[in-house]
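Student: The structure follows.
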Amino acid sequence: MKHLFPILLGCAVLLGPVSCMKIDNFEAPSAKIQGKIIDRTTGQPMLLDQGVSHIRIWEMSYSEHPNPQDLAIKEDGTYYNDKLFSGTYDMLPRDGAWWPCDTTYNVAIGKSGTVQDFEVIPYLHVIDFDATLNGTELTLTCRLQAPVTDGLPQIREIRPFINNNIHCGPGNRIDYYYNDANRINLRKMWPAIGDAEGNQTVAPYSLTVQLKAGYTYWVRMGVQVNDTYTSWNLSEVKKIVVPE
Amino acid sequence: MKATFKTILFAAALLVGAVSCNRLDLEPKGMLDDGTLFSSEFGVRKYLAGVYNDLPIEDFCYKYADNDKGYSTMNAGGYHRGNVWEALKGYGSTICYETTGRGNGDTAGQWGYWPYDRVREINVMIDKLPDYEDAWTADRYEELMAEARFIRAYFYFAMAKRYGGVPIVDKVQDPTAPMEELQVTRATEYDTWKFIYDDLKFAMDNGAADRSEVYRGNRYAAAALMAKAMLWAGCVAKYNQYTGITGPATDAGLMGMDPADAKEFFQYAYDACKFLHDAGFKLHTGADKEKAYTEIFIEDLAGEEDIFVKTFGTPNTVVPWNSSLYSSYDDMVLPKGTGMAQSVGAAIHATWDLVSLYETPAIIDADGYPVRFDSYDDFWNTDEMEPRCRANFFFSGMVEPVSGTKLDIQQGVFTTLAAKAADLTPEDNNFVAPNCIKLQDPGKTQDVGGFGNVKITGANGIKRNGDEGYSTTGIFVRKYMNYKADPATRQLHQSTQSWKVFRYGEILMDWAEAAYELGLETGNDALKAEAFEHVNEIRARAGAHPHAMVASPADIGEELYGFPLDENLQYIRDERRRELCIENQGEWDQRRWRTAHSILASNYWPRTLMPYKVLNEDKYIFLNEVEVYGRRLSFDKRNYYEAIPGGEINKNPKLVRNDGY
């Protein structure tokens with residue numbers, strides 16, 4: 001019985017070091033993928049906003065029913081991720097204002113890097129976007145063009161997006177300008193949208209907002225349709241310098 | 001040492017050996033078995049007590065978002081916690097702009113409610129009760145079976161309104177069964193609602209018929225749930241198509257239904273309401289309409305308006321912290337002060353968006369200028385305000401009945417005032433108008449040139465540097481406030497008023513909506529007219545003027561929501577908001593009507609009713625300024641259906657994700 005203490009001590013000495021051991025035989029994920037979301041009708045990358053649209057990926061080499069992960073798409077329509085595990089993935093661009101597209105299956109992603117572009121058809125193009133400053137009053141105009149009009153979901157509204165840095169869009173905006181007074185409420189299907197002629201609207205949509213003297217703004221316009229994600233088709237961004 | 005070792009070995013052998021002779025399958029004396037539980041009234045009550053506590057009732061302690069969100073039930077952890085006192089901060093009325101509070105902002109409200117453990121409990125009762133049928137009279141046996149199916153339908157309703165179609169498990173699953181059987185696929189949304197219908201129909205036909213027993217699931221509780229659930233199903237069938245959401249779950253019928261099915265569900269809802277009417281339920285009325293209206297929520301109205309009631313604690317007992325048997329309602333809703341809220345106070349504040357739905361005196365005249373009142377009392381103490389409005393809210397100058405405090409709410413003063421109301425209420429919570437003095441703290445005076453030392457802010461608000469205890473909107477919530485409470489119980493975890501889960505007032509609103517929708521579906525004008533009989537029954541009790549149906553109603557839906565909705569139906573919906581506000585219904589109604597994402601499209605900014613004194617005129621005005629803290633609301637339309645919990649998909653890959661997630 002008096003040996004109990006040495007035995008316990010021996011156990012503690014033996015077992016203690018185990019807690020200090022690091023066994024992590026997994027390498028940090030470092031497989032790379034990059035590419036663009038291309039507007040099929042123009043061949044150009046989609047005009048997007050930071051962090052609004054995603055590419056959903058499923059790591060099929062890991063499990064039969066993997067949990068999906070979402071890769072963010074940048075505002076210029078490109079994406080890049082170098083923190084993935086090597087393997088084969090299914091990929092689907094989503095959360096954006098484009099017609100539903102098919103999943104791309106079995107994309108091999110490895111450490112040497114993979115380039116995978118996606119072609120999508122946007123619901124609408126915001127065309128002839130213009131921003132004219134008169135004193136501190138900014139007038140924004142645009143027209144709409146629909147690459148595909150057949151089955152186009154209801155068009156909900158047109159809004160300006162205004163920010164005080166170069167990142168500008170539904171996710172990067174000054175909230176002050178995001179209200180009912182500063183929007184064109186349409187809530188109509190394409191054939192009822194007024195003066196739609198073929199696949200374009202004729203008269204420009206126009207909105208006026210008051211800016212502050214002495215500030216620099218970045219502005220663009222967007223249009224939203226009633227699809228699953230109610231995301232925005234966006235114009236290019238214009239820089240507006242309001243004089244003192 | 002040797003001898004010791006041998007002794008020990010021997011002793012061990014003896015010990016272990018002896019165990020093998022023992023019979024291990026004895027009935028444990030400390031546990032109640034099926035026979036004990038399902039063959040006597042006491043046994044069934046014991047078994048169901050916990051199940052009732054877990055019913056998904058959106059009561060005082062229901063919190064839709066943030067920490068500790070969920071139902072207040074006895075099961076700690078996961079998606080339901082006990083009565084954390086903060087529940088009122090994430091109260092459902094804050095996301096349908098009935099009130100503002102810290103709960104504003106996150107309208108997703110998802111915490112993965114997946115109560116198949118509770119469904120299993122009730123399936124055990126449905127499965128085992130037939131073994132003990134001999135212990136009961138034939139009627140009582142049917143009543144208990146009906147009660148069990150009512151409870152099961154309640155859990156399925158709470159899931160169907162969140163997820164659409166869910167797996168239907170109506171038998172007790174055997175854990176040793178093959179995985180193939182245990183992983184149940186989602187039923188279509190239509191089949192899920194029909195499953196709920198079947199359970200409730202059985203419960204309505206066979207449930208207990210004693211109207212005075214309002215604490216258990218009798219046939220009337222089943223009918224009330226039937227009305228609510230089937231109205232939900234009818235609306236989903238009719239309106240979900242307009243959300244424009246597409247994907248595999250929608251294609252498979254797991255989200256949304258054929259619009260042609262709406263008629264069937266509206267008819268079920270209509271029939272259930274009529275069933276309750278024919279059973280003799282009626283509205284609680286009284287000569288003093290304001291007083292009678294407050295009594296609905298505090299008095300025991302079994303046999304009259306009460307259909308199904310959840311009780312909370314006993315007054316003046318020692319209460320364990322976070323007990324789900326009590327609520328903190330009075331302390332979290334009343335203003336802070338002697339005899340009123342003792343520790344927190346006013347965590348939710350009623351909005352002008354809500355109050356302006358009622359009959360009230362105008363606060364802006366025909367030319368656009370703020371109306372001058374001789375005193376704040378002239379806003380509420382007149383025939384122009386409907387008694388229901390006074391019964392639901394406290395305005396500046398009203399007396400809180402328990403403490404006798406005359407509530408004093410004022411935002412500031414104008415030395416002179418010539419501007420129009422619109423110029424005084426821009427969408428800017430930091431705006432200060434010319435000639436206006438506002439202060440941050442309640443109960444402040446200041447020297448104002450020419451007028452001496454005058455009161456700027458009222459003792460009970462407005463408070464702009466802290467959102468609790470004092471008013472931030474000019475209106476306190478009065479509904480459900482216990483006017484019989486001992487002031488000492490106006491503390492956390494001390495409120496004991498019951499929650500009226502179903503009352504006949506709600507049934508009349510269900511009935512009006514179902515009748516009008518059914519009238520639209522079938523082209524039956526008599527049904528539409530009937531809808532307004534129910535609306536006017538509610539309005540008569542409220543002390544409001546009757547409202548006549550518009551013969552050729554205008555379409556107001558296209559512009560607001562992007563789909564047709566006539567003005568009569570909108571009126572019925574507005575009446576529902578007036579009658580059922582702050583009862584955790586508005587949030588769900590807007591989801592059911594598929595209107596939330598349109599109404600909140602521009603990050604909705606709720607409005608207030610700010611009382612001011614105009615010093616040079618010695619008059620009082622009210623301005624509907626935007627809410628003080630910039631708490632705005634938005635709604636992502638994918639949240640009409642919540643995401644199937646990821647953990648459940650991991651366990652059962654057959655579960656199809658909802659579209660949009």
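Labels used: A, B, ... for chains in the order of the structure tokens, numbers from 1 for residues in each chain, and numbers from 1 for ligands as shown.
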Considering only C-alpha atoms, extract the chain B residues located within 6 Å of chain A and return them as a list in words.
Tutor: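 That gives the following set of residues: Gly244, Ile245, Thr246, Gly562 and Ser602 of chain B.
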Student: Applying 8 Å and only C-alpha atoms, which residues near Trp232 in chain A remain after dropping the ones on its own chain fewer than 6 positions away? List them as a ChimeraX atom specification.
Tutor: /A:96-97,170,222-225
Student: Quick one, how far is CA of Thr141 in chain A from CA of Asp49 in chain A?
Tutor: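 Those two atoms sit 19.6 Å apart.
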Student: Check the DSSP output for the backbone and give back, as a list of chain:residue names, the residues of range 81-218 of chain A in helix (DSSP H, G or I).
Tutor: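 Selecting the helix (DSSP H, G or I) positions of range 81-218 of chain A gives A:Asp175, A:Tyr176, A:Tyr177, A:Asp180, A:Ala181, A:Asn182, A:Trp190, A:Pro191, A:Ala192.
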Student: Write out the residues from the selection above, keeping C-alpha atoms, as a JSON list (two decimals), in the first residue's frame.
Tutor:
```json
[["chain", "number", "residue", "atom", "x", "y", "z"],
["A", 175, "ASP", "CA", -27.76, 54.11, -46.07],
["A", 176, "TYR", "CA", -29.11, 57.65, -46.08],
["A", 177, "TYR", "CA", -29.83, 57.37, -49.79],
["A", 180, "ASP", "CA", -38.43, 54.83, -50.68],
["A", 181, "ALA", "CA", -38.02, 58.41, -51.93],
["A", 182, "ASN", "CA", -34.86, 57.48, -53.83],
["A", 190, "TRP", "CA", -41.24, 43.19, -68.74],
["A", 191, "PRO", "CA", -44.06, 43.58, -71.30],
["A", 192, "ALA", "CA", -45.87, 45.98, -68.90]]
```
Student: Neighbours of Ile55 in chain A within 12 Å (only C-alpha atoms; same-chain residues fewer than 3 positions away dropped), as a PyMOL selection string?
Tutor: chain A and resi 33-37+51-52+58+68-74+77-81+89-96+101-104+116-118
Student: Next, write the just-selected residues to a file, as a CSV table (one decimal), in the first residue's frame, keeping N, CA and C atoms as the atom set.
Tutor:
```
chain,number,residue,atom,x,y,z
A,33,ILE,N,-7.9,28.1,-56.5
A,33,ILE,CA,-8.7,28.3,-57.7
A,33,ILE,C,-9.0,29.7,-57.9
A,34,GLN,N,-9.1,30.1,-59.2
A,34,GLN,CA,-9.5,31.4,-59.5
A,34,GLN,C,-10.2,31.4,-60.9
A,35,GLY,N,-10.8,32.6,-61.2
A,35,GLY,CA,-11.5,32.7,-62.5
A,35,GLY,C,-12.4,33.9,-62.5
A,36,LYS,N,-13.3,33.9,-63.5
A,36,LYS,CA,-14.2,35.0,-63.7
A,36,LYS,C,-15.6,34.6,-63.9
A,37,ILE,N,-16.6,35.4,-63.6
A,37,ILE,CA,-18.0,35.2,-63.9
A,37,ILE,C,-18.2,36.1,-65.2
A,51,GLY,N,-18.7,40.8,-52.2
A,51,GLY,CA,-19.3,39.9,-51.2
A,51,GLY,C,-20.8,39.7,-51.3
A,52,VAL,N,-21.4,40.1,-52.4
A,52,VAL,CA,-22.9,39.9,-52.6
A,52,VAL,C,-23.1,38.6,-53.3
A,58,TRP,N,-19.0,22.2,-53.5
A,58,TRP,CA,-19.2,21.0,-52.7
A,58,TRP,C,-18.0,20.2,-53.0
A,68,PRO,N,-22.0,22.5,-48.2
A,68,PRO,CA,-21.5,23.4,-49.2
A,68,PRO,C,-20.7,24.6,-48.5
A,69,GLN,N,-19.8,25.1,-49.3
A,69,GLN,CA,-19.1,26.3,-48.9
A,69,GLN,C,-19.3,27.4,-50.0
A,70,ASP,N,-19.2,28.6,-49.6
A,70,ASP,CA,-19.4,29.7,-50.5
A,70,ASP,C,-18.2,30.5,-50.7
A,71,LEU,N,-17.7,30.7,-52.0
A,71,LEU,CA,-16.6,31.5,-52.3
A,71,LEU,C,-17.1,32.9,-52.7
A,72,ALA,N,-16.6,33.9,-52.1
A,72,ALA,CA,-17.0,35.3,-52.5
A,72,ALA,C,-16.5,35.7,-53.9
A,73,ILE,N,-17.3,36.5,-54.6
A,73,ILE,CA,-16.9,37.0,-55.9
A,73,ILE,C,-16.6,38.5,-55.7
A,74,LYS,N,-15.5,38.9,-56.4
A,74,LYS,CA,-15.1,40.4,-56.2
A,74,LYS,C,-16.0,41.2,-57.1
A,77,GLY,N,-16.0,40.9,-60.9
A,77,GLY,CA,-16.5,39.7,-61.5
A,77,GLY,C,-15.5,38.5,-61.4
A,78,THR,N,-14.4,38.7,-60.7
A,78,THR,CA,-13.4,37.7,-60.6
A,78,THR,C,-13.4,37.1,-59.2
A,79,TYR,N,-12.9,35.9,-59.0
A,79,TYR,CA,-12.8,35.3,-57.7
A,79,TYR,C,-11.4,34.6,-57.5
A,80,TYR,N,-11.0,34.4,-56.3
A,80,TYR,CA,-9.7,33.8,-56.0
A,80,TYR,C,-9.8,33.2,-54.6
A,81,ASN,N,-9.3,32.0,-54.5
A,81,ASN,CA,-9.3,31.4,-53.2
A,81,ASN,C,-8.1,30.4,-53.2
A,89,TYR,N,-14.3,19.1,-56.9
A,89,TYR,CA,-15.4,19.9,-56.4
A,89,TYR,C,-16.5,20.1,-57.4
A,90,ASP,N,-17.8,20.2,-57.0
A,90,ASP,CA,-18.8,20.7,-57.9
A,90,ASP,C,-19.0,22.2,-57.6
A,91,MET,N,-19.2,23.0,-58.6
A,91,MET,CA,-19.3,24.5,-58.4
A,91,MET,C,-20.5,25.1,-59.1
A,92,LEU,N,-21.0,26.1,-58.4
A,92,LEU,CA,-22.2,26.8,-59.0
A,92,LEU,C,-22.2,28.2,-58.6
A,93,PRO,N,-22.2,29.2,-59.6
A,93,PRO,CA,-22.3,30.6,-59.2
A,93,PRO,C,-23.7,30.9,-58.9
A,94,ARG,N,-23.9,31.7,-57.8
A,94,ARG,CA,-25.3,32.0,-57.3
A,94,ARG,C,-25.3,33.3,-56.5
A,95,ASP,N,-26.5,33.6,-56.0
A,95,ASP,CA,-26.6,34.9,-55.2
A,95,ASP,C,-26.4,36.1,-56.2
A,96,GLY,N,-26.6,35.9,-57.4
A,96,GLY,CA,-26.4,37.0,-58.3
A,96,GLY,C,-27.6,37.2,-59.2
A,101,CYS,N,-28.0,28.9,-63.6
A,101,CYS,CA,-27.1,28.2,-64.5
A,101,CYS,C,-26.8,26.8,-63.9
A,102,ASP,N,-26.2,26.0,-64.7
A,102,ASP,CA,-26.0,24.6,-64.3
A,102,ASP,C,-24.8,24.5,-63.4
A,103,THR,N,-24.8,23.5,-62.6
A,103,THR,CA,-23.6,23.2,-61.7
A,103,THR,C,-22.5,22.7,-62.6
A,104,THR,N,-21.3,23.1,-62.4
A,104,THR,CA,-20.1,22.5,-63.1
A,104,THR,C,-19.6,21.4,-62.2
A,116,GLN,N,-11.0,28.4,-63.4
A,116,GLN,CA,-12.4,28.0,-63.8
A,116,GLN,C,-13.2,29.2,-64.0
A,117,ASP,N,-13.6,29.5,-65.3
A,117,ASP,CA,-14.5,30.6,-65.5
A,117,ASP,C,-15.9,30.1,-65.6
A,118,PHE,N,-16.9,31.0,-65.4
A,118,PHE,CA,-18.3,30.6,-65.5
A,118,PHE,C,-19.0,31.6,-66.4
```
Student: Give me, as a VMD selection string, the residues of range 158-318 of chain B that a backbone DSSP run labels strand (DSSP E).
Tutor: chain B and resid 306 to 310
Student: Export N, CA and C atoms of the chosen residues as a PDB file, in the first residue's frame?
Tutor:
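Writing the result to selection-v3.pdb gives the following:
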```pdb
ATOM      1  N   ASP B 306     -61.747  33.155 -23.604  1.00  0.00           N
ATOM      2  CA  ASP B 306     -60.562  32.285 -23.539  1.00  0.00           C
ATOM      3  C   ASP B 306     -60.825  30.932 -24.192  1.00  0.00           C
ATOM      4  N   ILE B 307     -59.909  30.508 -25.059  1.00  0.00           N
ATOM      5  CA  ILE B 307     -60.033  29.181 -25.664  1.00  0.00           C
ATOM      6  C   ILE B 307     -58.916  28.270 -25.167  1.00  0.00           C
ATOM      7  N   PHE B 308     -57.684  28.787 -25.153  1.00  0.00           N
ATOM      8  CA  PHE B 308     -56.542  27.986 -24.707  1.00  0.00           C
ATOM      9  C   PHE B 308     -55.572  28.944 -24.042  1.00  0.00           C
ATOM     10  N   VAL B 309     -55.158  28.604 -22.824  1.00  0.00           N
ATOM     11  CA  VAL B 309     -54.411  29.560 -22.005  1.00  0.00           C
ATOM     12  C   VAL B 309     -53.183  28.883 -21.419  1.00  0.00           C
ATOM     13  N   LYS B 310     -52.062  29.597 -21.418  1.00  0.00           N
ATOM     14  CA  LYS B 310     -50.854  29.105 -20.742  1.00  0.00           C
ATOM     15  C   LYS B 310     -50.663  29.929 -19.474  1.00  0.00           C
TER      16      LYS B 310
END
```
